[in-house]
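The file protein02.txt comes next; it holds compact mmCIF, C-alpha atoms and all ligand atoms.
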```
# COMPACT_ATOMS: atom_id res chain seq x y z
CA MET A 1 22.20 -32.99 -35.40
CA THR A 2 24.55 -32.53 -32.49
CA THR A 3 27.77 -34.46 -31.94
CA THR A 4 25.84 -37.00 -29.87
CA GLY A 5 23.37 -37.40 -32.67
CA ILE A 6 20.29 -36.13 -30.81
CA ALA A 7 17.99 -33.72 -32.66
CA PRO A 8 17.41 -30.54 -30.61
CA ASP A 9 13.61 -31.00 -30.63
CA ARG A 10 13.85 -34.58 -29.50
CA PHE A 11 16.32 -33.52 -26.83
CA ARG A 12 13.86 -30.91 -25.48
CA GLN A 13 11.03 -33.45 -25.50
CA GLN A 14 13.12 -35.93 -23.56
CA LEU A 15 14.08 -33.29 -21.04
CA SER A 16 10.49 -32.12 -20.71
CA ALA A 17 9.38 -35.68 -19.94
CA LEU A 18 12.01 -35.69 -17.19
CA ASN A 19 10.76 -32.33 -15.82
CA ALA A 20 13.92 -30.58 -16.87
CA ALA A 21 14.69 -27.86 -19.45
CA PRO A 22 17.73 -26.15 -21.01
CA LEU A 23 18.61 -22.89 -19.28
CA TRP A 24 20.19 -21.42 -22.42
CA ASP A 25 16.75 -21.05 -24.02
CA VAL A 26 15.54 -18.68 -21.32
CA LEU A 27 18.57 -17.23 -19.54
CA ALA A 28 18.03 -13.70 -20.85
CA THR A 29 14.39 -13.59 -19.73
CA LEU A 30 15.02 -15.43 -16.47
CA VAL A 31 17.76 -12.98 -15.53
CA PRO A 32 16.88 -9.78 -17.40
CA PRO A 33 19.39 -6.93 -17.69
CA GLN A 34 16.99 -4.71 -15.76
CA PRO A 35 13.57 -5.04 -14.09
CA ARG A 36 10.52 -5.42 -16.32
CA SER A 37 7.43 -5.06 -14.20
CA ASN A 38 4.32 -6.87 -15.36
CA ALA A 39 2.29 -4.00 -13.94
CA VAL A 40 1.54 -0.98 -16.10
CA PRO A 41 1.03 2.62 -14.97
CA ASN A 42 -2.68 3.13 -14.39
CA VAL A 43 -5.16 5.52 -12.80
CA TRP A 44 -8.35 4.53 -10.97
CA ARG A 45 -10.66 7.54 -10.93
CA TRP A 46 -12.52 8.21 -7.70
CA ALA A 47 -15.28 9.97 -9.64
CA GLN A 48 -15.89 6.68 -11.50
CA LEU A 49 -15.33 4.19 -8.69
CA ARG A 50 -17.09 5.98 -5.83
CA PRO A 51 -20.55 5.44 -7.42
CA GLN A 52 -19.67 1.77 -8.04
CA LEU A 53 -18.59 1.35 -4.42
CA LEU A 54 -21.92 2.83 -3.29
CA ALA A 55 -23.70 0.48 -5.73
CA ALA A 56 -21.86 -2.42 -4.06
CA GLY A 57 -23.42 -1.13 -0.85
CA GLU A 58 -26.85 -1.85 -2.31
CA LEU A 59 -25.90 -5.27 -3.65
CA ILE A 60 -24.36 -6.77 -0.54
CA SER A 61 -24.04 -5.94 3.17
CA ALA A 62 -20.67 -5.70 4.91
CA GLU A 63 -21.73 -8.70 7.03
CA GLU A 64 -22.51 -10.84 3.97
CA ALA A 65 -19.40 -9.80 2.09
CA GLU A 66 -17.13 -10.07 5.17
CA ARG A 67 -15.26 -7.18 3.51
CA ARG A 68 -17.14 -5.08 0.95
CA VAL A 69 -14.27 -4.14 -1.29
CA LEU A 70 -13.67 -3.33 -4.95
CA MET A 71 -10.24 -4.63 -5.88
CA LEU A 72 -8.04 -2.42 -8.04
CA CYS A 73 -6.80 -4.67 -10.82
CA ASN A 74 -3.71 -3.74 -12.76
CA PRO A 75 -4.57 -4.18 -16.46
CA GLY A 76 -1.05 -5.50 -17.16
CA ILE A 77 -1.28 -8.42 -14.73
CA VAL A 78 -2.93 -11.68 -15.66
CA GLY A 79 -5.46 -12.84 -13.06
CA ARG A 80 -6.23 -9.22 -12.23
CA ARG A 81 -6.33 -9.43 -8.47
CA GLN A 82 -3.39 -7.21 -7.77
CA VAL A 83 -2.34 -3.67 -8.31
CA THR A 84 1.41 -4.36 -8.71
CA ASP A 85 3.54 -7.51 -8.89
CA THR A 86 3.69 -7.66 -5.08
CA LEU A 87 0.87 -5.49 -3.76
CA TYR A 88 -2.87 -5.48 -3.50
CA ALA A 89 -5.15 -2.42 -3.39
CA GLY A 90 -8.89 -2.11 -2.86
CA LEU A 91 -11.60 0.37 -1.99
CA GLN A 92 -13.69 -0.56 1.04
CA LEU A 93 -17.11 0.74 2.07
CA ILE A 94 -18.86 0.45 5.41
CA HIS A 95 -22.29 1.90 6.12
CA PRO A 96 -23.54 3.18 9.49
CA GLY A 97 -24.30 0.34 11.90
CA GLU A 98 -22.56 -2.30 9.77
CA SER A 99 -19.78 -4.58 10.99
CA ALA A 100 -16.94 -6.10 9.04
CA ARG A 101 -16.42 -9.08 11.34
CA ALA A 102 -13.25 -9.89 13.26
CA HIS A 103 -10.69 -12.04 11.50
CA ARG A 104 -6.93 -12.28 11.26
CA HIS A 105 -4.47 -13.28 8.58
CA SER A 106 -0.74 -13.33 8.04
CA GLN A 107 -1.01 -10.73 5.29
CA SER A 108 -0.27 -7.20 6.58
CA ALA A 109 -2.78 -4.46 5.78
CA LEU A 110 -2.93 -0.70 5.73
CA ARG A 111 -5.98 1.55 5.54
CA PHE A 112 -5.86 5.04 4.13
CA VAL A 113 -9.11 6.87 4.89
CA LEU A 114 -10.69 8.60 1.89
CA GLU A 115 -14.15 9.72 2.97
CA GLY A 116 -16.69 9.78 5.80
CA GLU A 117 -17.00 10.34 9.52
CA GLY A 118 -17.57 7.88 12.34
CA GLY A 119 -15.71 4.89 10.89
CA PHE A 120 -13.42 2.89 13.10
CA THR A 121 -11.20 -0.14 12.95
CA SER A 122 -10.10 -2.18 15.90
CA VAL A 123 -6.81 -4.07 16.18
CA ASP A 124 -6.84 -6.72 18.92
CA GLY A 125 -9.67 -4.74 20.52
CA LEU A 126 -7.90 -1.37 20.42
CA ARG A 127 -10.05 1.11 18.54
CA ALA A 128 -8.78 3.64 16.01
CA ASP A 129 -11.26 6.23 14.79
CA MET A 130 -11.00 6.86 11.07
CA ARG A 131 -10.81 10.33 9.62
CA ARG A 132 -9.89 11.41 6.11
CA GLY A 133 -6.14 11.18 5.53
CA ASP A 134 -5.48 8.86 8.50
CA PHE A 135 -3.04 6.01 7.94
CA ILE A 136 -3.90 2.88 9.93
CA VAL A 137 -1.94 -0.38 10.11
CA THR A 138 -3.33 -3.86 10.67
CA PRO A 139 -0.27 -5.97 11.51
CA SER A 140 0.13 -9.56 10.41
CA TRP A 141 -1.92 -12.01 12.48
CA LYS A 142 -3.70 -9.37 14.64
CA TRP A 143 -7.46 -9.62 15.03
CA HIS A 144 -9.24 -6.78 13.29
CA ASP A 145 -12.80 -5.66 12.63
CA HIS A 146 -14.30 -2.46 11.25
CA GLY A 147 -17.46 -0.51 12.01
CA ASN A 148 -19.24 2.77 11.45
CA ASP A 149 -20.85 4.79 14.28
CA GLY A 150 -21.49 7.78 12.01
CA ASP A 151 -24.48 8.62 9.87
CA GLY A 152 -23.00 8.34 6.38
CA PRO A 153 -20.83 5.94 4.36
CA VAL A 154 -17.16 5.57 5.24
CA MET A 155 -14.69 4.61 2.49
CA TRP A 156 -11.01 3.87 2.50
CA LEU A 157 -8.14 2.48 0.44
CA ASP A 158 -6.86 -0.93 1.59
CA GLY A 159 -3.24 -1.84 0.84
CA LEU A 160 -2.01 -5.38 1.50
CA ASP A 161 0.98 -7.58 0.71
CA VAL A 162 -1.35 -10.34 -0.56
CA PRO A 163 0.52 -11.16 -3.83
CA LEU A 164 3.84 -11.28 -2.00
CA VAL A 165 2.49 -13.62 0.69
CA SER A 166 0.85 -15.79 -1.99
CA PHE A 167 4.17 -16.02 -3.80
CA LEU A 168 5.81 -17.17 -0.57
CA GLN A 169 2.83 -19.42 0.25
CA ALA A 170 2.95 -18.10 3.80
CA GLY A 171 -0.72 -17.20 4.22
CA PHE A 172 -2.93 -18.23 7.16
CA ARG A 173 -6.39 -16.93 8.05
CA GLU A 174 -8.84 -17.38 10.94
CA GLU A 175 -12.32 -16.12 11.79
CA HIS A 176 -12.97 -14.88 15.31
CA GLU A 177 -15.94 -16.49 17.11
CA ALA A 178 -17.42 -13.04 17.82
CA VAL A 179 -18.29 -10.40 15.21
CA ARG A 180 -16.26 -7.87 17.18
CA PHE A 181 -13.09 -8.59 19.09
CA PRO A 182 -13.77 -7.57 22.76
CA ALA A 183 -12.95 -3.88 23.27
CA ARG A 184 -9.74 -3.24 25.24
CA GLY A 185 -8.94 0.42 24.68
CA SER A 186 -7.93 2.86 21.99
CA ALA A 187 -5.16 3.74 19.57
CA GLU A 188 -4.50 6.91 21.62
CA GLN A 189 -3.39 4.77 24.57
CA VAL A 190 -0.82 3.14 22.31
CA PHE A 191 0.34 6.55 21.07
CA HIS A 192 0.97 7.71 24.63
CA ARG A 193 3.05 4.61 25.30
CA TYR A 194 5.09 4.61 22.06
CA GLY A 195 4.66 8.01 20.43
CA ASN A 196 5.71 11.48 21.57
CA GLY A 197 9.37 10.38 21.42
CA LEU A 198 8.77 8.30 24.55
CA LEU A 199 9.05 4.51 24.93
CA PRO A 200 8.56 2.04 27.77
CA LEU A 201 11.74 1.79 29.88
CA GLU A 202 12.10 -1.95 29.36
CA ARG A 203 11.81 -3.36 25.90
CA ARG A 204 9.52 -6.34 25.95
CA ASP A 205 7.94 -5.83 22.56
CA ALA A 206 9.13 -7.90 19.70
CA GLY A 207 7.43 -7.96 16.34
CA SER A 208 8.39 -6.29 13.14
CA THR A 209 5.35 -4.00 12.88
CA SER A 210 5.05 -0.65 14.63
CA PRO A 211 3.11 -0.81 17.92
CA ILE A 212 1.53 2.49 16.82
CA PHE A 213 -1.15 1.53 14.36
CA SER A 214 -2.93 4.81 13.80
CA TYR A 215 -1.19 7.85 12.33
CA PRO A 216 -3.81 10.63 12.20
CA TYR A 217 -3.66 13.02 9.25
CA GLU A 218 -3.76 16.04 11.56
CA ARG A 219 -0.29 15.23 12.91
CA THR A 220 1.21 14.20 9.56
CA ARG A 221 -0.13 17.36 7.90
CA GLU A 222 1.32 19.51 10.67
CA SER A 223 4.78 17.95 10.12
CA LEU A 224 4.59 18.58 6.37
CA GLU A 225 3.44 22.15 6.99
CA GLN A 226 6.45 22.75 9.24
CA LEU A 227 8.84 21.23 6.68
CA VAL A 228 7.43 23.41 3.91
CA SER A 229 7.70 26.60 5.97
CA ALA A 230 11.24 25.69 7.06
CA GLY A 231 12.15 25.14 3.39
CA GLU A 232 13.11 21.53 4.05
CA ILE A 233 12.12 20.32 0.63
CA ASP A 234 13.65 17.17 -0.85
CA GLU A 235 14.61 17.76 -4.51
CA TYR A 236 12.77 14.64 -5.59
CA ARG A 237 9.74 14.26 -3.35
CA GLY A 238 9.01 17.70 -1.92
CA ALA A 239 8.35 17.85 1.81
CA VAL A 240 8.18 14.18 2.72
CA VAL A 241 7.77 12.04 5.84
CA ARG A 242 7.58 8.29 6.16
CA TYR A 243 5.47 6.37 8.66
CA ALA A 244 7.95 4.83 11.10
CA ASN A 245 8.12 2.09 13.70
CA PRO A 246 9.31 3.92 16.86
CA LEU A 247 10.92 0.73 18.21
CA ASN A 248 13.56 0.51 15.49
CA GLY A 249 13.12 3.49 13.18
CA ASP A 250 12.24 1.14 10.32
CA TRP A 251 9.10 1.36 8.22
CA ALA A 252 5.81 1.02 10.13
CA MET A 253 5.18 -2.33 8.40
CA PRO A 254 7.78 -4.98 7.51
CA SER A 255 6.62 -5.55 3.93
CA ILE A 256 5.04 -2.23 2.94
CA GLY A 257 6.58 1.22 3.23
CA ALA A 258 4.27 4.23 3.38
CA TRP A 259 4.92 7.95 3.25
CA MET A 260 3.23 11.30 2.69
CA GLN A 261 4.52 14.06 0.43
CA CYS A 262 3.59 17.71 0.14
CA LEU A 263 4.47 19.15 -3.27
CA PRO A 264 4.56 22.95 -3.15
CA LYS A 265 2.71 24.69 -5.97
CA ARG A 266 4.76 25.70 -9.05
CA TRP A 267 7.70 23.64 -7.77
CA LYS A 268 9.42 21.20 -10.12
CA PRO A 269 10.91 18.09 -8.51
CA LEU A 270 13.62 16.03 -10.21
CA HIS A 271 12.82 12.61 -11.65
CA THR A 272 13.72 9.34 -9.92
CA ARG A 273 13.41 5.69 -10.58
CA SER A 274 13.61 2.87 -8.07
CA THR A 275 13.03 -0.85 -7.99
CA ASP A 276 9.95 -0.66 -5.74
CA SER A 277 6.45 -0.27 -7.19
CA VAL A 278 4.39 2.60 -5.80
CA VAL A 279 0.66 2.94 -5.20
CA LEU A 280 -0.39 6.51 -4.48
CA THR A 281 -3.50 8.53 -3.83
CA VAL A 282 -4.20 12.25 -3.68
CA VAL A 283 -5.15 13.83 -0.37
CA GLU A 284 -5.07 17.49 -1.43
CA GLY A 285 -4.72 19.39 -4.69
CA THR A 286 -4.53 18.13 -8.25
CA PRO A 287 -1.00 16.84 -8.92
CA THR A 288 0.26 15.57 -12.26
CA ILE A 289 2.19 12.31 -12.61
CA GLU A 290 4.82 12.24 -15.32
CA ILE A 291 6.28 8.86 -16.23
CA ASP A 292 8.81 8.50 -19.06
CA GLY A 293 7.14 7.45 -22.26
CA GLU A 294 3.60 8.05 -20.97
CA VAL A 295 1.09 10.85 -21.36
CA PRO A 296 1.11 12.93 -18.11
CA VAL A 297 -1.90 12.20 -15.90
CA LEU A 298 -3.69 14.91 -13.95
CA LEU A 299 -5.05 13.47 -10.72
CA GLN A 300 -8.01 14.54 -8.59
CA PRO A 301 -8.39 13.91 -4.85
CA ASN A 302 -8.83 10.19 -3.98
CA ASP A 303 -7.75 9.03 -7.45
CA VAL A 304 -5.38 6.06 -7.11
CA PHE A 305 -2.33 5.72 -9.35
CA VAL A 306 0.28 3.00 -9.78
CA VAL A 307 3.90 3.55 -10.76
CA PRO A 308 5.51 0.17 -11.59
CA GLY A 309 9.08 -0.41 -10.50
CA TRP A 310 12.05 0.96 -12.44
CA ARG A 311 10.06 3.61 -14.32
CA ARG A 312 11.47 7.17 -14.28
CA TRP A 313 8.84 9.49 -12.86
CA ARG A 314 7.90 12.50 -10.81
CA ALA A 315 4.80 14.01 -9.23
CA LEU A 316 4.27 17.75 -9.38
CA ALA A 317 1.65 20.13 -8.00
CA GLY A 318 -0.27 22.57 -10.19
CA ASP A 319 0.25 26.34 -10.32
CA THR A 320 -2.47 27.34 -7.89
CA GLU A 321 -2.28 25.00 -4.91
CA ASP A 322 0.07 22.62 -3.11
CA ALA A 323 -0.60 18.91 -3.51
CA VAL A 324 -0.46 16.25 -0.83
CA ILE A 325 0.08 12.63 -1.85
CA PHE A 326 -0.04 9.45 0.22
CA ALA A 327 1.99 6.55 -1.15
CA TYR A 328 2.85 2.95 -0.28
CA SER A 329 5.29 0.54 -1.88
CA ASP A 330 7.13 -2.76 -1.46
CA ARG A 331 10.39 -0.88 -0.75
CA PRO A 332 11.01 -2.51 2.70
CA VAL A 333 11.19 -5.93 1.02
CA HIS A 334 13.67 -4.68 -1.59
CA GLU A 335 15.75 -3.13 1.19
CA LYS A 336 15.71 -6.21 3.40
CA LEU A 337 16.78 -8.44 0.51
CA GLY A 338 19.53 -6.02 -0.49
CA LEU A 339 17.81 -5.44 -3.84
CA TYR A 340 16.70 -1.84 -3.49
CA ARG A 341 18.17 0.41 -6.17
CA GLU A 342 17.34 3.94 -7.12
CA GLN A 343 18.55 6.40 -9.71
CA LEU A 344 18.18 10.02 -8.77
CA GLY A 345 17.88 12.79 -11.32
C1 LIG A 401 -8.89 -7.90 4.49
O1 LIG A 401 -8.83 -8.65 5.60
C2 LIG A 401 -9.43 -6.62 4.54
O2 LIG A 401 -9.65 -6.65 6.91
C3 LIG A 401 -9.48 -5.85 3.40
O3 LIG A 401 -10.55 -5.04 5.83
C4 LIG A 401 -9.04 -6.33 2.21
C5 LIG A 401 -8.04 -8.12 0.91
C6 LIG A 401 -7.51 -9.35 0.83
C7 LIG A 401 -7.42 -10.16 1.95
C8 LIG A 401 -7.87 -9.70 3.17
C9 LIG A 401 -9.91 -6.07 5.85
C10 LIG A 401 -8.50 -7.62 2.13
C11 LIG A 401 -8.42 -8.42 3.26
```

Represent the structure contained in this file as structure tokens.
Amino acid sequence: MTTTGIAPDRFRQQLSALNAAPLWDVLATLVPPQPRSNAVPNVWRWAQLRPQLLAAGELISAEEAERRVLMLCNPGIVGRRQVTDTLYAGLQLIHPGESARAHRHSQSALRFVLEGEGGFTSVDGLRADMRRGDFIVTPSWKWHDHGNDGDGPVMWLDGLDVPLVSFLQAGFREEHEAVRFPARGSAEQVFHRYGNGLLPLERRDAGSTSPIFSYPYERTRESLEQLVSAGEIDEYRGAVVRYANPLNGDWAMPSIGAWMQCLPKRWKPLHTRSTDSVVLTVVEGTPTIEIDGEVPVLLQPNDVFVVPGWRRWRALAGDTEDAVIFAYSDRPVHEKLGLYREQLG
């Protein structure tokens, strides 16, 4: 009994009927002393998923599926449609001659090309050819369709901010009337206008996503190579570059940050932890991921790995070859909200 004579259970029932509840029951979980991601560290093996993706290719066409994708489902998250608390990841397949029809949505997407020749994606009718290791952005609300002019399957990793946009209930989606958005040009045109350290004289472009939407691996690899030979190695991430928006120097996408790291062989980085959750895949070599409290995981090319936020970790190359890792995370959101924290060492 309390001083007012109400039994605690009765009190909670009365509150519940009034759609209210006592904060003191849940304060510690509502405002935890430090982040506790629902996601768990996990590896998706390319050797296991590639055959399943090809099997999907026999079950359904890209046209029927709209997007023929295997979602990567974090085993720690109920509902299993997301790879971290805020991010989505999937593996997409497109066969020669197929079309993934034009649509647009407010969710931002990235493509990281894993395998195949002749694939392409178009953003508002500007075509980007897809080669292994290329990073391609589909900005929020831009029309996009994919195709394959080659003679074998093309596969890539999709990264989207779907869970974040669902949380905000800010999602819209539209189908284009045509399968393909009318062709207008190529990603190279855009590079010549906004890349090369050159920009249009007058700034008429708004928008929070980089106008450059294709970052070919050839150029990224060259930059990493130069950093490694110049000895410009970050103690935590090796030689590292992030994909940038040339208009403001920010991340290429407003909600997802992406970068590429080259870890020299036999080199031991220091550990870090940060509030963002990271999805990574291996481009070259066979790096090991060490996360505190977990068994180290040796990765093969195209394996996908998730490091949930606020876990102390590092990625290191083996003894015989350098490793190259592509990664994306929700870091830009943490930064914009003033929530980003990291602990180095
Ligand atoms: C989407 O539009 C694509 O355009 C891929 O290729 C994956 C996952 C969720 C929602 C939209 C694409 C997607 C997606």

Here is a test: counting only C-alpha atoms and all ligand atoms, which residue of A:Phe167, A:Trp44, A:Phe11, A:Trp141 is nearest to ligand LIG 401 (chain A)?
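Once distances to ligand LIG 401 (chain A) are computed over only C-alpha atoms and all ligand atoms, the minimum belongs to A:Trp141.
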
Quick one: distance from CA of Glu58 (chain A) to atom C8 of ligand LIG 401 (chain A) in Å, one decimal?
21.3 Å

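Using all atoms listed in the file for every distance, the candidate list A:Ala128, A:Ala244, A:Leu157, A:Val31 yields A:Leu157 as the residue closest to Leu70 (chain A).
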
Wanna dump the region 95-142 of chain A-region 253-270 of chain A contacts at 8 Å for me, each residue with its shortest atom pair and the distance in Å to one decimal, counting only C-alpha atoms, ordered by chain and number, as CSV?
```
residue,atom,partner,partner_atom,distance
A:Ser108,CA,A:Met253,CA,7.5
A:Val137,CA,A:Met253,CA,7.6
A:Pro139,CA,A:Met253,CA,7.3
```

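Between Arg104 (chain A) and the candidates A:Asn74, A:Thr320, A:Ser140, A:Ser186, the tightest atom-to-atom separation, counting only C-alpha atoms, involves A:Ser140.
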
Restricting the calculation to all atoms listed in the file: of A:Lys142, A:Ala100, A:Asp134, A:Leu53, which residue gets closest to Met155 (chain A)?
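With all atoms listed in the file as the atom set, the closest residue is A:Leu53.
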
In file coordinates, which residues lie within 9 Å of (-5.8, -1.9, -18.6) using all atoms listed in the file, given as an mmCIF file with C-alpha atoms, keeping the file's coordinate frame?
```
data_model
loop_
_atom_site.group_PDB
_atom_site.id
_atom_site.type_symbol
_atom_site.label_atom_id
_atom_site.label_comp_id
_atom_site.auth_asym_id
_atom_site.auth_seq_id
_atom_site.Cartn_x
_atom_site.Cartn_y
_atom_site.Cartn_z
ATOM 1 C CA VAL A 40 1.540 -0.980 -16.100
ATOM 2 C CA PRO A 41 1.030 2.620 -14.970
ATOM 3 C CA ASN A 42 -2.680 3.130 -14.390
ATOM 4 C CA CYS A 73 -6.800 -4.670 -10.820
ATOM 5 C CA ASN A 74 -3.710 -3.740 -12.760
ATOM 6 C CA PRO A 75 -4.570 -4.180 -16.460
ATOM 7 C CA GLY A 76 -1.050 -5.500 -17.160
ATOM 8 C CA ILE A 77 -1.280 -8.420 -14.730
#
```

Show me which residues line ligand LIG 401 (chain A), defined as having an atom within 9 Å of a ligand atom where only C-alpha atoms and all ligand atoms count, and present them as a PDB file with C-alpha atoms, keeping the file's coordinate frame.
```pdb
ATOM      1  CA  GLU A  66     -17.130 -10.070   5.170  1.00  0.00           C
ATOM      2  CA  ARG A  67     -15.260  -7.180   3.510  1.00  0.00           C
ATOM      3  CA  ARG A  68     -17.140  -5.080   0.950  1.00  0.00           C
ATOM      4  CA  VAL A  69     -14.270  -4.140  -1.290  1.00  0.00           C
ATOM      5  CA  MET A  71     -10.240  -4.630  -5.880  1.00  0.00           C
ATOM      6  CA  TYR A  88      -2.870  -5.480  -3.500  1.00  0.00           C
ATOM      7  CA  ALA A  89      -5.150  -2.420  -3.390  1.00  0.00           C
ATOM      8  CA  GLY A  90      -8.890  -2.110  -2.860  1.00  0.00           C
ATOM      9  CA  LEU A  91     -11.600   0.370  -1.990  1.00  0.00           C
ATOM     10  CA  GLN A  92     -13.690  -0.560   1.040  1.00  0.00           C
ATOM     11  CA  ALA A 100     -16.940  -6.100   9.040  1.00  0.00           C
ATOM     12  CA  ARG A 101     -16.420  -9.080  11.340  1.00  0.00           C
ATOM     13  CA  ALA A 102     -13.250  -9.890  13.260  1.00  0.00           C
ATOM     14  CA  HIS A 103     -10.690 -12.040  11.500  1.00  0.00           C
ATOM     15  CA  ARG A 104      -6.930 -12.280  11.260  1.00  0.00           C
ATOM     16  CA  HIS A 105      -4.470 -13.280   8.580  1.00  0.00           C
ATOM     17  CA  GLN A 107      -1.010 -10.730   5.290  1.00  0.00           C
ATOM     18  CA  SER A 108      -0.270  -7.200   6.580  1.00  0.00           C
ATOM     19  CA  ALA A 109      -2.780  -4.460   5.780  1.00  0.00           C
ATOM     20  CA  LEU A 110      -2.930  -0.700   5.730  1.00  0.00           C
ATOM     21  CA  ARG A 111      -5.980   1.550   5.540  1.00  0.00           C
ATOM     22  CA  THR A 121     -11.200  -0.140  12.950  1.00  0.00           C
ATOM     23  CA  THR A 138      -3.330  -3.860  10.670  1.00  0.00           C
ATOM     24  CA  TRP A 143      -7.460  -9.620  15.030  1.00  0.00           C
ATOM     25  CA  HIS A 144      -9.240  -6.780  13.290  1.00  0.00           C
ATOM     26  CA  ASP A 145     -12.800  -5.660  12.630  1.00  0.00           C
ATOM     27  CA  HIS A 146     -14.300  -2.460  11.250  1.00  0.00           C
ATOM     28  CA  LEU A 157      -8.140   2.480   0.440  1.00  0.00           C
ATOM     29  CA  ASP A 158      -6.860  -0.930   1.590  1.00  0.00           C
ATOM     30  CA  GLY A 159      -3.240  -1.840   0.840  1.00  0.00           C
ATOM     31  CA  LEU A 160      -2.010  -5.380   1.500  1.00  0.00           C
ATOM     32  CA  ASP A 161       0.980  -7.580   0.710  1.00  0.00           C
ATOM     33  CA  VAL A 162      -1.350 -10.340  -0.560  1.00  0.00           C
ATOM     34  CA  ARG A 173      -6.390 -16.930   8.050  1.00  0.00           C
TER      35      ARG A 173
END
```

Rounded to one decimal in Å, what is the spacing between CA of Phe181 (chain A) and CA of Ala62 (chain A)?
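Rounded to one decimal, the two atoms are 16.3 Å apart.
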
Nearest candidate to Gly152 (chain A) (options A:Gly338, A:Gly119, A:Gly171, A:Pro96; using only C-alpha atoms)
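When distances to Gly152 (chain A) are compared using only C-alpha atoms, the smallest one comes from A:Pro96.
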
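Minimum atom-to-atom distances from A:Ala183, A:Val304, A:Leu316, A:Leu339 to Ile289 (chain A) were compared using all atoms listed in the file, and the lowest value belongs to A:Leu316.
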
Which value, in Å to one decimal, gives the distance between CA of Val240 (chain A) and CA of Ile325 (chain A)?
9.4 Å

Can you tell me which residues surround Leu299 (chain A) at a distance of at most 12 Å, considering only C-alpha atoms, apart from same-chain residues fewer than 4 positions away, and format the answer as a ChimeraX atom specification?
/A:42-47,280-290,303-306,315-318,323-325

Taking all atoms of region 44-54 of chain A that appear in the file, build a box with edges along x, y and z, extend it by 6 Å on every side, and state its centre and edge lengths in Å to one decimal, as JSON.
```
{"center_x": -15.1, "center_y": 5.7, "center_z": -7.4, "size_x": 25.6, "size_y": 20.6, "size_z": 20.2}
```

I want to know what sits within 8 Å of His271 (chain A), based on all atoms listed in the file, with residues of the same chain fewer than 6 positions away left out; could you give that as a VMD selection string?
chain A and resid 236 312 to 314 344 to 345

Fill-in result for region 290-300 of chain A, N, CA, C and O atoms as a compact mmCIF listing (two decimals), in the coordinates of the input:
```txt
# COMPACT_ATOMS: atom_id res chain seq x y z
N GLU A 290 4.10 12.39 -14.05
CA GLU A 290 4.82 12.24 -15.32
C GLU A 290 5.67 10.98 -15.24
O GLU A 290 6.49 10.85 -14.33
N ILE A 291 5.45 10.07 -16.15
CA ILE A 291 6.28 8.86 -16.23
C ILE A 291 6.87 8.83 -17.64
O ILE A 291 6.15 9.06 -18.61
N ASP A 292 8.16 8.53 -17.74
CA ASP A 292 8.81 8.50 -19.06
C ASP A 292 8.03 7.65 -20.04
O ASP A 292 7.65 6.52 -19.72
N GLY A 293 7.79 8.20 -21.20
CA GLY A 293 7.14 7.45 -22.26
C GLY A 293 5.63 7.41 -22.15
O GLY A 293 4.97 6.75 -22.95
N GLU A 294 5.06 8.07 -21.15
CA GLU A 294 3.60 8.05 -20.97
C GLU A 294 3.05 9.47 -21.06
O GLU A 294 3.75 10.44 -20.79
N VAL A 295 1.77 9.56 -21.38
CA VAL A 295 1.09 10.85 -21.36
C VAL A 295 0.92 11.26 -19.89
O VAL A 295 0.50 10.43 -19.07
N PRO A 296 1.28 12.51 -19.51
CA PRO A 296 1.11 12.93 -18.11
C PRO A 296 -0.35 12.79 -17.67
O PRO A 296 -1.26 12.98 -18.47
N VAL A 297 -0.54 12.42 -16.41
CA VAL A 297 -1.90 12.20 -15.90
C VAL A 297 -2.19 13.19 -14.78
O VAL A 297 -1.45 13.26 -13.79
N LEU A 298 -3.25 13.96 -14.96
CA LEU A 298 -3.69 14.91 -13.95
C LEU A 298 -4.62 14.18 -12.98
O LEU A 298 -5.62 13.60 -13.40
N LEU A 299 -4.27 14.22 -11.70
CA LEU A 299 -5.05 13.47 -10.72
C LEU A 299 -5.95 14.40 -9.90
O LEU A 299 -5.60 15.55 -9.64
N GLN A 300 -7.07 13.85 -9.48
CA GLN A 300 -8.01 14.54 -8.59
C GLN A 300 -7.93 13.86 -7.21
O GLN A 300 -7.48 12.72 -7.11
```
